[in-house]
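Okay, final25.cif is below, mmCIF, C-alpha atoms:
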data_entry
loop_
_atom_site.label_atom_id
_atom_site.label_comp_id
_atom_site.auth_asym_id
_atom_site.auth_seq_id
_atom_site.Cartn_x
_atom_site.Cartn_y
_atom_site.Cartn_z
CA PHE A 1 106.92 259.82 16.74
CA LEU A 2 105.35 257.09 18.90
CA ARG A 3 108.77 256.27 20.35
CA ALA A 4 109.39 259.98 20.93
CA SER A 5 106.04 260.26 22.70
CA ALA A 6 106.90 257.31 24.95
CA ALA A 7 110.30 258.84 25.75
CA PHE A 8 108.63 262.15 26.55
CA ALA A 9 106.19 260.44 28.92
CA GLN A 10 109.05 258.57 30.61
CA ALA A 11 110.96 261.84 31.06
CA ILE A 12 107.93 263.36 32.79
CA VAL A 13 107.78 260.40 35.21
CA SER A 14 111.52 260.63 35.92
CA CYS A 15 111.32 264.37 36.60
CA ALA A 16 108.39 263.80 38.95
CA HIS A 17 110.43 261.34 41.02
CA MET A 18 113.52 263.56 41.05
CA GLY A 19 111.78 266.85 41.72
CA GLY A 20 109.35 265.79 44.44
CA SER A 21 106.42 268.18 44.54
CA ARG A 22 108.06 270.74 42.26
CA ARG A 23 105.73 271.49 39.34
CA GLN A 24 107.16 271.02 35.87
CA PRO A 25 106.26 273.50 33.11
CA ALA A 26 103.57 272.27 30.73
CA GLY A 27 104.81 271.25 27.29
CA PRO A 28 103.17 270.21 24.03
CA LYS A 29 100.89 267.20 24.09
CA PRO A 30 102.39 263.91 22.91
CA ALA A 31 101.67 263.43 19.22
CA THR A 32 98.45 261.51 18.64
CA ALA A 33 97.96 262.31 14.93
CA SER A 34 100.12 263.25 11.96
CA ILE A 35 99.64 265.23 8.74
CA LEU A 36 101.89 264.91 5.69
CA CYS A 37 102.82 268.37 4.31
CA LEU A 38 103.75 268.91 0.64
CA HIS A 39 105.57 272.13 -0.23
CA GLY A 40 105.16 274.24 -3.36
CA GLY A 41 107.29 274.18 -6.50
CA ARG A 42 110.89 275.36 -6.10
CA GLN A 43 110.65 275.14 -2.35
CA SER A 44 111.77 272.53 0.17
CA ALA A 45 110.39 270.80 3.22
CA GLU A 46 112.41 273.04 5.55
CA LEU A 47 111.37 276.28 3.84
CA PHE A 48 107.71 275.26 3.97
CA ARG A 49 108.06 274.39 7.65
CA GLN A 50 109.47 277.84 8.37
CA ARG A 51 106.74 279.62 6.46
CA ILE A 52 103.86 277.90 8.23
CA ASP A 53 105.56 277.62 11.61
CA ARG A 54 102.63 279.30 13.39
CA LEU A 55 100.33 276.52 12.23
CA ARG A 56 102.93 273.88 13.09
CA ALA A 57 103.30 275.24 16.63
CA ARG A 58 99.53 275.33 17.21
CA CYS A 59 99.15 271.80 15.89
CA GLN A 60 102.01 270.58 18.09
CA ALA A 61 100.29 272.10 21.13
CA GLU A 62 97.23 269.97 20.28
CA GLY A 63 99.25 266.78 19.83
CA ILE A 64 99.22 266.94 16.01
CA ARG A 65 102.51 266.42 14.21
CA LEU A 66 103.15 268.05 10.83
CA ILE A 67 105.56 265.96 8.74
CA PHE A 68 107.32 267.95 6.00
CA VAL A 69 108.70 265.95 3.09
CA ASP A 70 110.89 266.97 0.15
CA ALA A 71 109.65 266.63 -3.43
CA PRO A 72 111.63 264.14 -5.54
CA MET A 73 112.83 266.52 -8.28
CA LEU A 74 116.00 268.40 -7.24
CA GLN A 75 116.57 271.70 -9.06
CA PRO A 76 119.98 273.29 -9.90
CA ASP A 77 119.45 275.92 -7.19
CA GLY A 78 118.88 273.27 -4.53
CA SER A 79 115.12 273.72 -4.38
CA ARG A 80 112.70 270.91 -5.22
CA CYS A 81 109.63 270.34 -7.39
CA TRP A 82 106.94 267.69 -7.47
CA TYR A 83 106.68 267.84 -11.27
CA ASP A 84 108.05 269.82 -14.22
CA GLU A 85 105.49 272.50 -15.06
CA ASP A 86 107.10 272.91 -18.50
CA GLY A 87 107.05 269.19 -19.28
CA GLY A 88 104.94 267.67 -22.04
CA ASP A 89 103.02 265.29 -19.75
CA ALA A 90 102.31 267.31 -16.62
CA ALA A 91 99.32 265.14 -15.67
CA GLY A 92 101.44 261.99 -15.90
CA ALA A 93 104.18 263.66 -13.85
CA ALA A 94 101.68 264.63 -11.15
CA SER A 95 100.39 261.07 -11.02
CA ALA A 96 103.97 259.82 -10.64
CA ALA A 97 104.47 262.32 -7.82
CA ALA A 98 101.39 260.86 -6.14
CA ILE A 99 103.24 257.53 -6.03
CA ALA A 100 106.11 259.24 -4.23
CA VAL A 101 103.59 260.64 -1.73
CA ARG A 102 102.26 257.14 -1.08
CA GLU A 103 105.79 255.93 -0.31
CA GLU A 104 106.29 258.77 2.18
CA TRP A 105 102.85 258.05 3.67
CA GLU A 106 103.73 254.43 4.28
CA ARG A 107 107.13 255.37 5.70
CA HIS A 108 105.60 257.74 8.27
CA ALA A 109 102.41 255.75 8.99
CA PRO A 110 100.06 256.16 10.69
CA VAL A 111 99.10 259.50 9.07
CA SER A 112 95.65 261.11 9.04
CA GLY A 113 95.75 264.00 6.57
CA LEU A 114 97.42 265.63 3.57
CA LEU A 115 98.25 269.35 3.46
CA GLY A 116 99.61 270.81 0.25
CA PHE A 117 100.52 274.21 -1.14
CA SER A 118 100.57 275.10 -4.87
CA GLN A 119 102.34 272.18 -6.63
CA GLY A 120 102.07 270.19 -3.41
CA ALA A 121 98.34 270.89 -3.32
CA ALA A 122 97.97 269.67 -6.91
CA VAL A 123 99.78 266.46 -6.00
CA ALA A 124 97.70 266.02 -2.84
CA ALA A 125 94.52 266.46 -4.88
CA ALA A 126 95.78 264.05 -7.53
CA THR A 127 96.53 261.52 -4.81
CA ALA A 128 92.93 261.71 -3.63
CA LEU A 129 91.46 261.67 -7.14
CA CYS A 130 93.65 259.00 -8.78
CA SER A 131 91.95 256.30 -6.75
CA GLY A 132 89.09 255.61 -9.16
CA GLY A 133 86.20 254.37 -7.05
CA ASP A 134 88.33 254.01 -3.91
CA ASP A 135 87.65 256.88 -1.52
CA ALA A 136 90.57 255.93 0.74
CA PRO A 137 93.60 256.14 -1.61
CA LEU A 138 95.97 256.14 1.37
CA PRO A 139 95.41 253.98 4.47
CA GLY A 140 93.97 256.12 7.25
CA LEU A 141 93.53 259.28 5.12
CA ARG A 142 90.71 261.34 6.63
CA PHE A 143 91.01 264.73 4.91
CA VAL A 144 93.01 266.98 2.59
CA ILE A 145 93.88 270.68 2.89
CA LEU A 146 94.75 272.40 -0.40
CA ALA A 147 96.14 275.96 -0.59
CA GLY A 148 96.56 277.70 -3.95
CA ALA A 149 95.88 274.45 -5.80
CA PRO A 150 95.98 274.69 -9.61
CA HIS A 151 93.38 272.67 -11.51
CA GLU A 152 96.02 271.59 -13.99
CA PRO A 153 97.69 269.11 -14.04
CA LEU A 154 95.04 267.11 -12.19
CA PRO A 155 93.84 263.97 -13.99
CA VAL A 156 90.42 264.88 -15.34
CA ALA A 157 89.57 262.01 -17.69
CA THR A 158 87.62 259.88 -15.21
CA GLY A 159 85.45 262.65 -13.81
CA HIS A 160 85.79 260.97 -10.41
CA ARG A 161 84.80 263.07 -7.40
CA SER A 162 86.32 262.29 -4.03
CA ARG A 163 84.16 261.99 -0.93
CA LEU A 164 87.09 262.88 1.31
CA PRO A 165 86.50 266.00 3.43
CA SER A 166 88.56 268.83 1.95
CA LEU A 167 89.45 272.43 2.78
CA HIS A 168 90.45 274.73 -0.09
CA LEU A 169 92.30 277.98 0.58
CA LEU A 170 92.15 280.46 -2.29
CA SER A 171 92.57 284.17 -2.89
CA ALA A 172 91.26 286.68 -5.42
CA ALA A 173 94.69 288.34 -5.10
CA ASP A 174 96.53 285.17 -6.24
CA SER A 175 98.41 286.08 -9.43
CA ALA A 176 100.06 282.64 -9.76
CA VAL A 177 96.99 280.40 -9.44
CA PRO A 178 93.72 282.24 -10.17
CA ALA A 179 90.91 281.66 -7.71
CA HIS A 180 88.75 280.06 -10.41
CA SER A 181 91.41 277.37 -10.91
CA SER A 182 91.36 276.46 -7.22
CA GLU A 183 87.55 276.56 -7.29
CA ALA A 184 87.64 273.99 -10.10
CA VAL A 185 89.74 271.76 -7.86
CA ALA A 186 87.20 272.17 -5.04
CA ALA A 187 84.44 271.08 -7.42
CA ARG A 188 86.15 267.67 -7.63
CA PHE A 189 85.42 267.01 -3.94
CA GLU A 190 81.91 266.28 -2.72
CA GLU A 191 82.55 267.62 0.80
CA ALA A 192 84.61 270.66 -0.18
CA GLN A 193 84.81 273.68 2.11
CA VAL A 194 86.32 276.92 0.80
CA TYR A 195 88.31 279.44 2.85
CA ARG A 196 88.95 282.76 1.10
CA HIS A 197 91.75 285.10 2.12
CA ASP A 198 93.55 288.17 0.80
CA LYS A 199 97.19 287.01 0.97
CA GLY A 200 97.61 286.05 -2.68
CA HIS A 201 99.58 282.91 -3.54
CA ALA A 202 100.19 281.77 0.03
CA LEU A 203 99.07 279.54 2.84
CA PRO A 204 98.08 282.31 5.27
CA CYS A 205 99.02 281.86 8.91
CA ARG A 206 97.56 284.85 10.71
CA ALA A 207 95.79 284.11 13.98
CA GLY A 208 92.34 283.83 12.41
CA ASP A 209 93.66 281.72 9.54
CA VAL A 210 95.32 279.27 11.91
CA ASP A 211 92.11 279.10 13.98
CA ALA A 212 90.17 278.08 10.87
CA LEU A 213 92.76 275.54 9.75
CA LEU A 214 93.06 273.97 13.16
CA GLY A 215 89.28 273.91 13.54
CA PHE A 216 88.95 271.93 10.31
CA ILE A 217 91.72 269.53 11.35
CA MET A 218 90.29 268.92 14.80
CA ARG A 219 86.79 268.44 13.44
CA HIS A 220 87.98 265.49 11.37
CA LEU A 221 90.23 264.02 14.05
CA THR A 222 88.13 264.46 17.20
CA PRO A 223 84.63 265.63 16.20
CA ALA A 224 83.30 265.85 19.76
CA ALA A 225 86.22 267.96 21.00
CA ALA A 226 85.95 270.32 18.04
CA ALA A 227 82.20 270.92 18.08
CA THR A 228 82.67 274.60 18.94
CA ALA A 229 85.65 275.27 16.64
CA PRO A 230 85.16 278.02 13.99
CA ARG A 231 84.05 276.62 10.66
CA PRO A 232 86.70 277.08 7.96
CA ASP A 233 84.26 277.87 5.15
CA GLN A 234 83.92 281.34 6.66
CA PRO A 235 86.89 283.42 7.93
CA SER A 236 86.83 283.97 11.68
CA ALA A 237 86.41 287.44 13.14
CA GLY A 238 90.17 287.57 13.72
CA ALA A 239 90.89 286.70 10.11
CA ARG A 240 88.49 289.38 8.88
CA ALA A 241 90.13 291.96 11.14
CA ASP A 242 93.59 290.94 9.95
CA ALA A 243 92.41 291.09 6.36
CA ARG A 244 91.14 294.65 6.78
CA ALA A 245 94.44 295.67 8.36
CA ALA A 246 96.64 293.94 5.78
CA GLY A 247 94.78 294.78 2.59
CA ALA A 248 94.83 292.60 -0.52
CA ARG A 249 98.28 291.83 -1.84
CA PRO A 250 99.98 288.84 -3.45
CA GLY A 251 101.94 286.70 -1.00
CA ALA A 252 105.17 284.81 -1.34
CA GLU A 253 105.15 281.09 -1.99
CA ALA A 254 103.69 280.47 1.46
CA GLY A 255 103.38 283.53 3.65
CA ALA A 256 102.78 283.70 7.37
#
For the structure just supplied, provide its representation as structure tokens.
Amino acid sequence: FLRASAAFAQAIVSCAHMGGSRRQPAGPKPATASILCLHGGRQSAELFRQRIDRLRARCQAEGIRLIFVDAPMLQPDGSRCWYDEDGGDAAGAASAAAIAVREEWERHAPVSGLLGFSQGAAVAAATALCSGGDDAPLPGLRFVILAGAPHEPLPVATGHRSRLPSLHLLSAADSAVPAHSSEAVAARFEEAQVYRHDKGHALPCRAGDVDALLGFIMRHLTPAAAATAPRPDQPSAGARADARAAGARPGAEAGA
């Protein structure tokens, strides 16, 4: 993305010389930070990108690149999983998936954050928690965002709590991962912030939801610039209005 940013800047210079005083339309900021995004079980990187495209577009406008990666386990229907939920050693499988995440992290470095949904959230949490006493399991990792994260199959033997800033999205209407399971995940992080919504098993992307997500991201990338951003531990006024209009209902794997 650094090469793409340089090419973008060069294109702006070239257009300025060719067009004289003609103003060029403003585009997204060159990428200055990246977040690795882990989809849910029986999804794919492309499907996850489509379902949270509102968040992706807002992040791109702020110079933040969302990198969507495919889970390693290919299913017969073409979808992918991070681990086999019916396997005998789910915790071991999740830890192995965390290794795959590290490989993707190194391939796309530098990266600043992890965002995961459902299975992807469990793997992102495991990545942060499998580090023993090391609070920086991935070079440059500043925060994690976990939506609909199940407490199992997280490794629980060590009792280690991560000091990484974390945002946990959960819903009382989630029929796939009960809210108390995601709350148990949040309890494993010392700086956990909880964002409650009514969209069920989903990563909600209504206007107020995106405001809260982007506020959390910006706060941990550029604290001074995000001093006035809405805090994600309380839904914004827009999110509350949307919630009243939508009503509580279970979402799809990752709804917009």
Could you write out as JSON the box around stretch 197-207 of chain A (axis-aligned, all atoms listed in the file, 6 Å on each side), with centre and edge lengths in Å to one decimal?
{"center_x": 96.0, "center_y": 283.9, "center_z": 5.2, "size_x": 20.4, "size_y": 20.6, "size_z": 29.5}
Go through the shown structure with the PyMOL selection byres ((chain A and resi 175) around 7) and write out the matching residues as a ChimeraX atom specification.
-> /A:173-174,176-178,200-201,250
Sorted per-residue table, stretch 186-207 of chain A near stretch 163-172 of chain A, closest atoms and distance, 7 Å, all atoms listed in the file, as CSV:
residue,atom,partner,partner_atom,distance
A:Ala186,CA,A:His168,CA,6.5
A:Phe189,CA,A:Arg163,CA,6.0
A:Glu190,CA,A:Arg163,CA,5.2
A:Glu191,CA,A:Pro165,CA,5.0
A:Ala192,CA,A:Ser166,CA,4.8
A:Gln193,CA,A:Leu167,CA,4.9
A:Val194,CA,A:His168,CA,4.8
A:Tyr195,CA,A:Leu169,CA,4.8
A:Arg196,CA,A:Leu170,CA,5.2
A:His197,CA,A:Ser171,CA,5.2
A:Asp198,CA,A:Ser171,CA,5.5
A:Lys199,CA,A:Ser171,CA,6.7
A:Gly200,CA,A:Ser171,CA,5.4
Any chance you could work out the residue set of the PyMOL selection byres ((chain A and resi 147-151) around 8) here, as number ranges by chain?
-> A: 116-122, 145-146, 152-154, 168-171, 174, 177-179, 181-182, 184-185, 201-203
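Ranking A:Thr127, A:Ser112, A:Ser79, A:Gln43 by their shortest atom-to-atom distance to A:Ala98, with all atoms listed in the file included, puts A:Thr127 first.
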Can you give me, as a ChimeraX atom specification, the residues this file yields under the PyMOL selection byres ((chain A and resi 142) around 6)?
-> /A:112-113,141,143
Residues at most 12 Å from A:Arg58, counting all atoms listed in the file, excluding those fewer than 5 positions away in the same chain, as a list in words?
->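 With the cut-off at 12 Å, the set is Pro28, Lys29, Ile52, Asp53, Gly63, Ile64, Arg65, Leu66, Cys205, Arg206, Ala207, Asp209, Val210, Asp211, Ala212, Leu213, Leu214, Gly215, Ile217 and Met218 of chain A.
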When you draw a straight line from atom CA of A:Arg49 to atom CA of A:Gly208, how long is it in Å?
-> 18.9 Å
Restricting the calculation to all atoms listed in the file, which member of A:Gln60, A:Gln50, A:Ser162, A:Ser44 is positioned closest to A:Ala31?
->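 Looking only at the distances to A:Ala31, the closest residue turns out to be A:Gln60.
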One-decimal distance in Å that lies between atom CA of A:Ala128 and atom CA of A:Arg80 |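 Separation of atom CA of A:Arg80 and atom CA of A:Ala128: 21.9 Å.
Our summary of the geometry notes that atom CA of A:Cys37 is positioned 15.5 Å from atom CA of A:Phe216.
If you measure from each of A:Val123, A:Leu138, A:Cys59, A:Leu115 to A:Leu36 using all atoms listed in the file, the closest one turns out to be A:Leu115.
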